[in-house]
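Asks: The structure is given below, and queries will be raised subsequently.
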Amino acid sequence: MLRCTRKHHFSKARSNHLKGFGSEGSSGAAGIGSSKVFVGVLKEAHLVFSADPTDGFTNVPLTEWNFQLQKPYDKPLSQRYSYKNGVRRLWVYSDDKPLKPTSNTLPRTEIRIRGDDYSSGVWQFEGHGFVPNGTSAVSIIQIHGAAKGATTLQLRVYNGDIKYYRYDVVTRDVYDKWIRYNVIHNVDEGKVFVFINGIQKFEVKDQGPGDLYFKCGVYANINASFYMESRWKGIKIYKK
């Protein structure tokens, strides 16, 4: 699917310059000058075409079974997760327990996409995410698994910005708005691409092969805010 975005920036002065262009009685010099202005305006009234990140992919059907919930081991699911009107809300506190009594990991409430683990090919996560103001130092999307380390990708929120782990800024100002996230992992070429609202914002080499799967929600990091929350709708998985 191709999207077409028109950008028109006609000032009043430039519109006046165009009056009479090509009309009877205009001099050759005036025609040349007007033609230069006309070309300049056309450059500003351009068409921008771009492909949707899901083009060429096949949708992988999901059922509720595919949405495996991970939460603090001592809390009922209803105290850290809700699913209402198509929106999955996940929250956690920085002093919550880990996933298991034997785990030394930080608190989380996450959806682990199960049944669609992968180790080759090209796979994609899509979801519309909402992060309320105040949630910070928390992973909201992960590709779990790598040749070394636990993850291939973490998209973290720091003071309203999305970062690749705690390093590169992927996009800014995400608080209190629904944003479409698309993460593509080309395992065979060793690359990961991140799209924000359909526009590619980031590309990085992956962390090598492994048993790979997607996650979303909230997973605390060092210096996380006391309360962390993200909401999700329209979660889909695609592959090639």
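Residue names in the structure tokens use chain letters A, B, ... in the order shown, residue numbers from 1 in each chain, and ligand numbers from 1 in the order shown.
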As a ChimeraX atom specification, please: the residues near A:Val131 (cut-off 7 Å, only C-alpha atoms, same-chain neighbours under 6 positions excluded).
Replies: /A:174-176,229-231
Asks: Using only all heavy atoms, please write the residues we just selected to a file, as a PDB file, in the first residue's frame.
Replies:
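Output below, filename result08.pdb:
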ATOM      1  N   VAL A 174       6.792  11.009  23.170  1.00  0.00           N
ATOM      2  CA  VAL A 174       5.791   9.956  22.982  1.00  0.00           C
ATOM      3  C   VAL A 174       4.736   9.931  24.079  1.00  0.00           C
ATOM      4  O   VAL A 174       3.771   9.163  23.984  1.00  0.00           O
ATOM      5  CB  VAL A 174       6.457   8.562  22.890  1.00  0.00           C
ATOM      6  CG1 VAL A 174       7.468   8.524  21.758  1.00  0.00           C
ATOM      7  CG2 VAL A 174       7.104   8.162  24.218  1.00  0.00           C
ATOM      8  N   TYR A 175       4.871  10.744  25.106  1.00  0.00           N
ATOM      9  CA  TYR A 175       3.928  10.678  26.217  1.00  0.00           C
ATOM     10  C   TYR A 175       2.507  11.047  25.785  1.00  0.00           C
ATOM     11  O   TYR A 175       2.281  11.973  24.988  1.00  0.00           O
ATOM     12  CB  TYR A 175       4.333  11.640  27.337  1.00  0.00           C
ATOM     13  CG  TYR A 175       5.444  11.152  28.238  1.00  0.00           C
ATOM     14  CD1 TYR A 175       6.274  12.066  28.882  1.00  0.00           C
ATOM     15  CD2 TYR A 175       5.664   9.799  28.477  1.00  0.00           C
ATOM     16  CE1 TYR A 175       7.286  11.641  29.741  1.00  0.00           C
ATOM     17  CE2 TYR A 175       6.671   9.373  29.326  1.00  0.00           C
ATOM     18  CZ  TYR A 175       7.479  10.293  29.949  1.00  0.00           C
ATOM     19  OH  TYR A 175       8.483   9.874  30.790  1.00  0.00           O
ATOM     20  N   ASP A 176       1.552  10.296  26.346  1.00  0.00           N
ATOM     21  CA  ASP A 176       0.128  10.629  26.275  1.00  0.00           C
ATOM     22  C   ASP A 176      -0.410  10.704  24.849  1.00  0.00           C
ATOM     23  O   ASP A 176      -1.272  11.533  24.528  1.00  0.00           O
ATOM     24  CB  ASP A 176      -0.158  11.959  27.000  1.00  0.00           C
ATOM     25  CG  ASP A 176       0.157  11.879  28.478  1.00  0.00           C
ATOM     26  OD1 ASP A 176       0.073  10.770  29.052  1.00  0.00           O
ATOM     27  OD2 ASP A 176       0.488  12.923  29.074  1.00  0.00           O
ATOM     28  N   GLU A 229       3.767   2.295  33.181  1.00  0.00           N
ATOM     29  CA  GLU A 229       2.582   1.803  32.481  1.00  0.00           C
ATOM     30  C   GLU A 229       2.741   1.983  30.977  1.00  0.00           C
ATOM     31  O   GLU A 229       3.310   2.967  30.503  1.00  0.00           O
ATOM     32  CB  GLU A 229       1.329   2.559  32.939  1.00  0.00           C
ATOM     33  CG  GLU A 229       0.058   2.149  32.206  1.00  0.00           C
ATOM     34  CD  GLU A 229      -1.149   3.007  32.569  1.00  0.00           C
ATOM     35  OE1 GLU A 229      -1.155   3.595  33.678  1.00  0.00           O
ATOM     36  OE2 GLU A 229      -2.077   3.098  31.742  1.00  0.00           O
ATOM     37  N   SER A 230       2.215   1.020  30.224  1.00  0.00           N
ATOM     38  CA  SER A 230       2.004   1.197  28.781  1.00  0.00           C
ATOM     39  C   SER A 230       0.721   0.475  28.399  1.00  0.00           C
ATOM     40  O   SER A 230       0.298  -0.471  29.069  1.00  0.00           O
ATOM     41  CB  SER A 230       3.193   0.677  27.956  1.00  0.00           C
ATOM     42  OG  SER A 230       3.281  -0.736  27.994  1.00  0.00           O
ATOM     43  N   ARG A 231       0.089   0.978  27.350  1.00  0.00           N
ATOM     44  CA  ARG A 231      -1.155   0.402  26.851  1.00  0.00           C
ATOM     45  C   ARG A 231      -0.961   0.014  25.393  1.00  0.00           C
ATOM     46  O   ARG A 231      -0.255   0.704  24.645  1.00  0.00           O
ATOM     47  CB  ARG A 231      -2.299   1.421  26.976  1.00  0.00           C
ATOM     48  CG  ARG A 231      -2.467   1.968  28.378  1.00  0.00           C
ATOM     49  CD  ARG A 231      -3.411   3.158  28.416  1.00  0.00           C
ATOM     50  NE  ARG A 231      -3.245   3.920  29.660  1.00  0.00           N
ATOM     51  CZ  ARG A 231      -3.788   5.108  29.889  1.00  0.00           C
ATOM     52  NH1 ARG A 231      -4.547   5.685  28.951  1.00  0.00           N
ATOM     53  NH2 ARG A 231      -3.559   5.732  31.028  1.00  0.00           N
TER      54      ARG A 231
END
Asks: Find the residues near A:Val92: any atom within 12 Å, counting only C-alpha atoms, skip ones fewer than 5 places away on the same chain, and give them as an MDAnalysis selection string.
Replies: chainID A and resid 70:73 75 77:81 97:99 106:110 135:136 138:140 217:221 224:230
Asks: Can I get the selected residues back with N, CA, C and O atoms, as a CSV table (one decimal), in the first residue's frame?
Replies:
chain,number,residue,atom,x,y,z
A,70,GLN,N,3.4,-12.0,31.7
A,70,GLN,CA,4.5,-12.1,32.7
A,70,GLN,C,4.3,-10.9,33.7
A,70,GLN,O,4.2,-9.8,33.3
A,71,LYS,N,4.4,-11.2,35.0
A,71,LYS,CA,4.0,-10.2,36.0
A,71,LYS,C,4.8,-10.6,37.3
A,71,LYS,O,5.4,-11.7,37.4
A,72,PRO,N,4.7,-9.7,38.3
A,72,PRO,CA,5.3,-10.0,39.6
A,72,PRO,C,4.7,-11.3,40.1
A,72,PRO,O,3.5,-11.4,40.1
A,73,TYR,N,5.5,-12.2,40.6
A,73,TYR,CA,5.0,-13.5,41.0
A,73,TYR,C,4.0,-13.5,42.1
A,73,TYR,O,3.2,-14.5,42.2
A,75,LYS,N,1.6,-11.2,42.7
A,75,LYS,CA,0.4,-10.4,42.5
A,75,LYS,C,-0.6,-11.1,41.5
A,75,LYS,O,-0.2,-11.7,40.5
A,77,LEU,N,-3.1,-11.4,38.5
A,77,LEU,CA,-3.0,-10.7,37.2
A,77,LEU,C,-3.8,-9.4,37.1
A,77,LEU,O,-3.4,-8.4,36.5
A,78,SER,N,-5.0,-9.5,37.8
A,78,SER,CA,-5.9,-8.3,37.7
A,78,SER,C,-5.3,-7.1,38.4
A,78,SER,O,-5.8,-6.0,38.1
A,79,GLN,N,-4.3,-7.2,39.2
A,79,GLN,CA,-3.6,-6.1,39.8
A,79,GLN,C,-2.5,-5.5,39.0
A,79,GLN,O,-1.9,-4.5,39.4
A,80,ARG,N,-2.2,-6.1,37.9
A,80,ARG,CA,-1.1,-5.5,37.0
A,80,ARG,C,-1.5,-5.5,35.5
A,80,ARG,O,-0.7,-5.1,34.7
A,81,TYR,N,-2.7,-6.0,35.2
A,81,TYR,CA,-3.1,-6.1,33.8
A,81,TYR,C,-4.6,-6.0,33.6
A,81,TYR,O,-5.3,-6.5,34.5
A,97,LYS,N,7.9,-7.4,43.0
A,97,LYS,CA,8.8,-8.6,42.9
A,97,LYS,C,9.1,-8.9,41.5
A,97,LYS,O,8.4,-8.5,40.6
A,98,PRO,N,10.1,-9.8,41.2
A,98,PRO,CA,10.4,-10.2,39.8
A,98,PRO,C,9.4,-11.2,39.4
A,98,PRO,O,8.4,-11.6,40.0
A,99,LEU,N,9.7,-11.8,38.2
A,99,LEU,CA,8.8,-12.8,37.6
A,99,LEU,C,8.7,-14.1,38.4
A,99,LEU,O,7.6,-14.6,38.5
A,106,LEU,N,14.6,-7.3,37.3
A,106,LEU,CA,13.8,-6.2,37.7
A,106,LEU,C,12.3,-6.4,37.4
A,106,LEU,O,12.0,-7.3,36.6
A,107,PRO,N,11.4,-5.7,38.1
A,107,PRO,CA,10.0,-5.9,37.9
A,107,PRO,C,9.5,-5.7,36.4
A,107,PRO,O,10.1,-4.9,35.7
A,108,ARG,N,8.5,-6.4,36.1
A,108,ARG,CA,7.9,-6.3,34.8
A,108,ARG,C,6.4,-6.7,34.8
A,108,ARG,O,6.0,-7.5,35.6
A,109,THR,N,5.7,-6.2,33.9
A,109,THR,CA,4.4,-6.7,33.4
A,109,THR,C,4.4,-6.6,31.9
A,109,THR,O,4.4,-5.6,31.3
A,110,GLU,N,4.5,-7.8,31.3
A,110,GLU,CA,4.8,-7.8,29.8
A,110,GLU,C,3.9,-8.9,29.1
A,110,GLU,O,3.5,-9.9,29.8
A,135,THR,N,6.1,7.8,33.2
A,135,THR,CA,6.8,6.5,33.0
A,135,THR,C,8.1,6.7,32.4
A,135,THR,O,8.2,7.3,31.3
A,136,SER,N,9.2,6.2,33.0
A,136,SER,CA,10.5,6.5,32.5
A,136,SER,C,11.5,5.4,32.9
A,136,SER,O,11.3,4.7,33.9
A,138,VAL,N,12.2,2.5,31.3
A,138,VAL,CA,11.4,1.3,31.2
A,138,VAL,C,11.4,0.8,29.7
A,138,VAL,O,11.3,1.6,28.8
A,139,SER,N,11.6,-0.5,29.5
A,139,SER,CA,11.5,-1.1,28.2
A,139,SER,C,10.0,-1.3,27.9
A,139,SER,O,9.3,-1.9,28.7
A,140,ILE,N,9.6,-0.9,26.7
A,140,ILE,CA,8.2,-1.1,26.3
A,140,ILE,C,8.1,-2.1,25.1
A,140,ILE,O,7.0,-2.7,24.9
A,217,GLY,N,5.1,-4.2,26.8
A,217,GLY,CA,4.6,-3.9,28.1
A,217,GLY,C,5.4,-3.0,28.8
A,217,GLY,O,5.8,-1.9,28.3
A,218,VAL,N,5.8,-3.3,30.1
A,218,VAL,CA,6.7,-2.5,30.9
A,218,VAL,C,7.7,-3.4,31.6
A,218,VAL,O,7.3,-4.3,32.3
A,219,TYR,N,9.0,-3.1,31.4
A,219,TYR,CA,10.0,-3.9,32.1
A,219,TYR,C,11.0,-2.8,32.7
A,219,TYR,O,11.7,-2.1,31.9
A,220,ALA,N,11.1,-2.8,34.0
A,220,ALA,CA,11.9,-1.7,34.6
A,220,ALA,C,13.4,-1.8,34.3
A,220,ALA,O,13.9,-2.9,34.1
A,221,ASN,N,14.0,-0.7,34.2
A,221,ASN,CA,15.5,-0.6,34.1
A,221,ASN,C,16.0,0.2,35.3
A,221,ASN,O,15.3,0.6,36.2
A,224,ALA,N,14.4,3.4,37.2
A,224,ALA,CA,13.0,3.5,36.7
A,224,ALA,C,12.1,4.4,37.6
A,224,ALA,O,12.3,4.5,38.8
A,225,SER,N,11.1,5.0,37.0
A,225,SER,CA,10.1,5.7,37.7
A,225,SER,C,9.4,4.7,38.7
A,225,SER,O,9.3,3.5,38.4
A,226,PHE,N,8.8,5.2,39.8
A,226,PHE,CA,8.2,4.3,40.7
A,226,PHE,C,7.0,3.6,40.1
A,226,PHE,O,6.8,2.4,40.3
A,227,TYR,N,6.2,4.3,39.3
A,227,TYR,CA,5.1,3.7,38.5
A,227,TYR,C,5.4,3.7,37.1
A,227,TYR,O,5.8,4.7,36.5
A,228,MET,N,5.1,2.6,36.4
A,228,MET,CA,5.4,2.4,35.0
A,228,MET,C,4.1,1.8,34.3
A,228,MET,O,3.6,0.8,34.9
A,229,GLU,N,3.8,2.3,33.2
A,229,GLU,CA,2.6,1.8,32.5
A,229,GLU,C,2.7,2.0,31.0
A,229,GLU,O,3.3,3.0,30.5
A,230,SER,N,2.2,1.0,30.2
A,230,SER,CA,2.0,1.2,28.8
A,230,SER,C,0.7,0.5,28.4
A,230,SER,O,0.3,-0.5,29.1
Asks: Pick out the residues sitting within 9 Å of A:Tyr213, and hand them over as a list in words; count only C-alpha atoms, and ignore anything fewer than 2 positions along from it in its own chain.
Replies: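 After dropping sequence-adjacent residues, the list is Arg112, Ile113, Arg114, Gly115, Asp116, Asp117, Tyr118, Ser119, Gln142, Ile143, His144, Gly145, Asp211 and Lys215 of chain A.
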Asks: Please provide the set of residues having any atom within 7 Å of A:Val204, restricted to only C-alpha atoms, with same-chain residues fewer than 2 positions apart removed, written as a ChimeraX atom specification.
Replies: /A:191-193,202,206
Asks: With a distance cut-off of 9 Å and only C-alpha atoms, select the neighbouring residues of A:Asn197, excluding the residue or stretch itself and same-chain residues fewer than 3 positions from it, and output the selection as a compact mmCIF listing (two decimals) with N, CA and C atoms, in the first residue's frame.
Replies:
# COMPACT_ATOMS: atom_id res chain seq x y z
N HIS A 128 0.02 -0.57 18.44
CA HIS A 128 -0.23 0.83 18.76
C HIS A 128 -0.06 0.98 20.27
N ILE A 179 0.77 5.79 19.43
CA ILE A 179 1.81 5.74 18.40
C ILE A 179 1.87 4.33 17.83
N ARG A 180 1.99 4.27 16.53
CA ARG A 180 2.12 2.97 15.85
C ARG A 180 3.60 2.58 15.79
N TYR A 181 3.90 1.42 16.37
CA TYR A 181 5.27 0.90 16.37
C TYR A 181 5.34 -0.32 15.46
N ASN A 182 6.32 -0.33 14.56
CA ASN A 182 6.61 -1.51 13.74
C ASN A 182 8.10 -1.82 13.89
N GLN A 200 10.32 4.94 8.81
CA GLN A 200 11.51 4.34 9.40
C GLN A 200 12.32 5.39 10.15
Asks: Select from stretch 23-233 of chain A everything DSSP, run on the backbone, classes as strand (DSSP E), then give the selection as a PyMOL selection string.
Replies: chain A and resi 47-51+58-60+67-70+81-84+87-93+108-113+122-130+138-144+151-158+161-164+169-171+178-186+191-196+199-205+213-220+227-233
Asks: Using only C-alpha atoms, pick whichever of A:Phe130, A:Ala150, A:Asp74, A:Ile235 has the shortest atom-to-atom distance to A:Pro101.
Replies: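 Nearest candidate to A:Pro101 out of A:Phe130, A:Ala150, A:Asp74, A:Ile235: A:Asp74.
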Asks: Pick from A:Pro209, A:Ile196, A:Lys201, A:Glu189: nearest to A:Val122, with only C-alpha atoms counted?
Replies: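 Counting only C-alpha atoms, the residue closest to A:Val122 is A:Glu189.
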Asks: I need the residue nearest A:Thr171 from this list: A:Ile141, A:Ile222, A:Leu62, A:Val194. Use only C-alpha atoms for the distance.
Replies: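 Between A:Ile141, A:Ile222, A:Leu62, A:Val194, the residue approaching A:Thr171 most closely is A:Val194.
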Asks: Could you state the separation of atom CA of A:Asp188 and atom CA of A:Ser120 in Å, given to one decimal place?
Replies: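 For atom CA of A:Asp188 relative to atom CA of A:Ser120, the distance reads 5.9 Å.
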Asks: By how many Å are atom CA of A:Tyr164 and atom CA of A:Leu212 apart?
Replies: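 Interatomic distance here is 17.6 Å.
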Asks: Ranking A:Val170, A:Thr152, A:Lys236, A:Asn133 by minimum distance to A:Gln207 and counting only C-alpha atoms, which one comes first?
Replies: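 Answer, going by the shortest atom-to-atom distance: A:Thr152.
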Asks: From the options A:Asn85, A:Trp123, A:Trp178, A:Pro132, which residue's atoms come nearest to A:Phe57, counting only C-alpha atoms?
Replies: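 Smallest separation from A:Phe57 among the options: A:Trp123.
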Asks: Choose the residue, out of A:Glu203, A:Asp96, A:Asp173, A:Asp55, that has the smallest atom-to-atom separation from A:Gly134; count only C-alpha atoms.
Replies: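 Residue with the minimum atom-to-atom distance to A:Gly134: A:Asp173.
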Asks: What's the separation between atom CA of A:Phe67 and atom CA of A:Arg88, in Å to one decimal place?
Replies: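 Distance reported for this atom pair: 10.4 Å.
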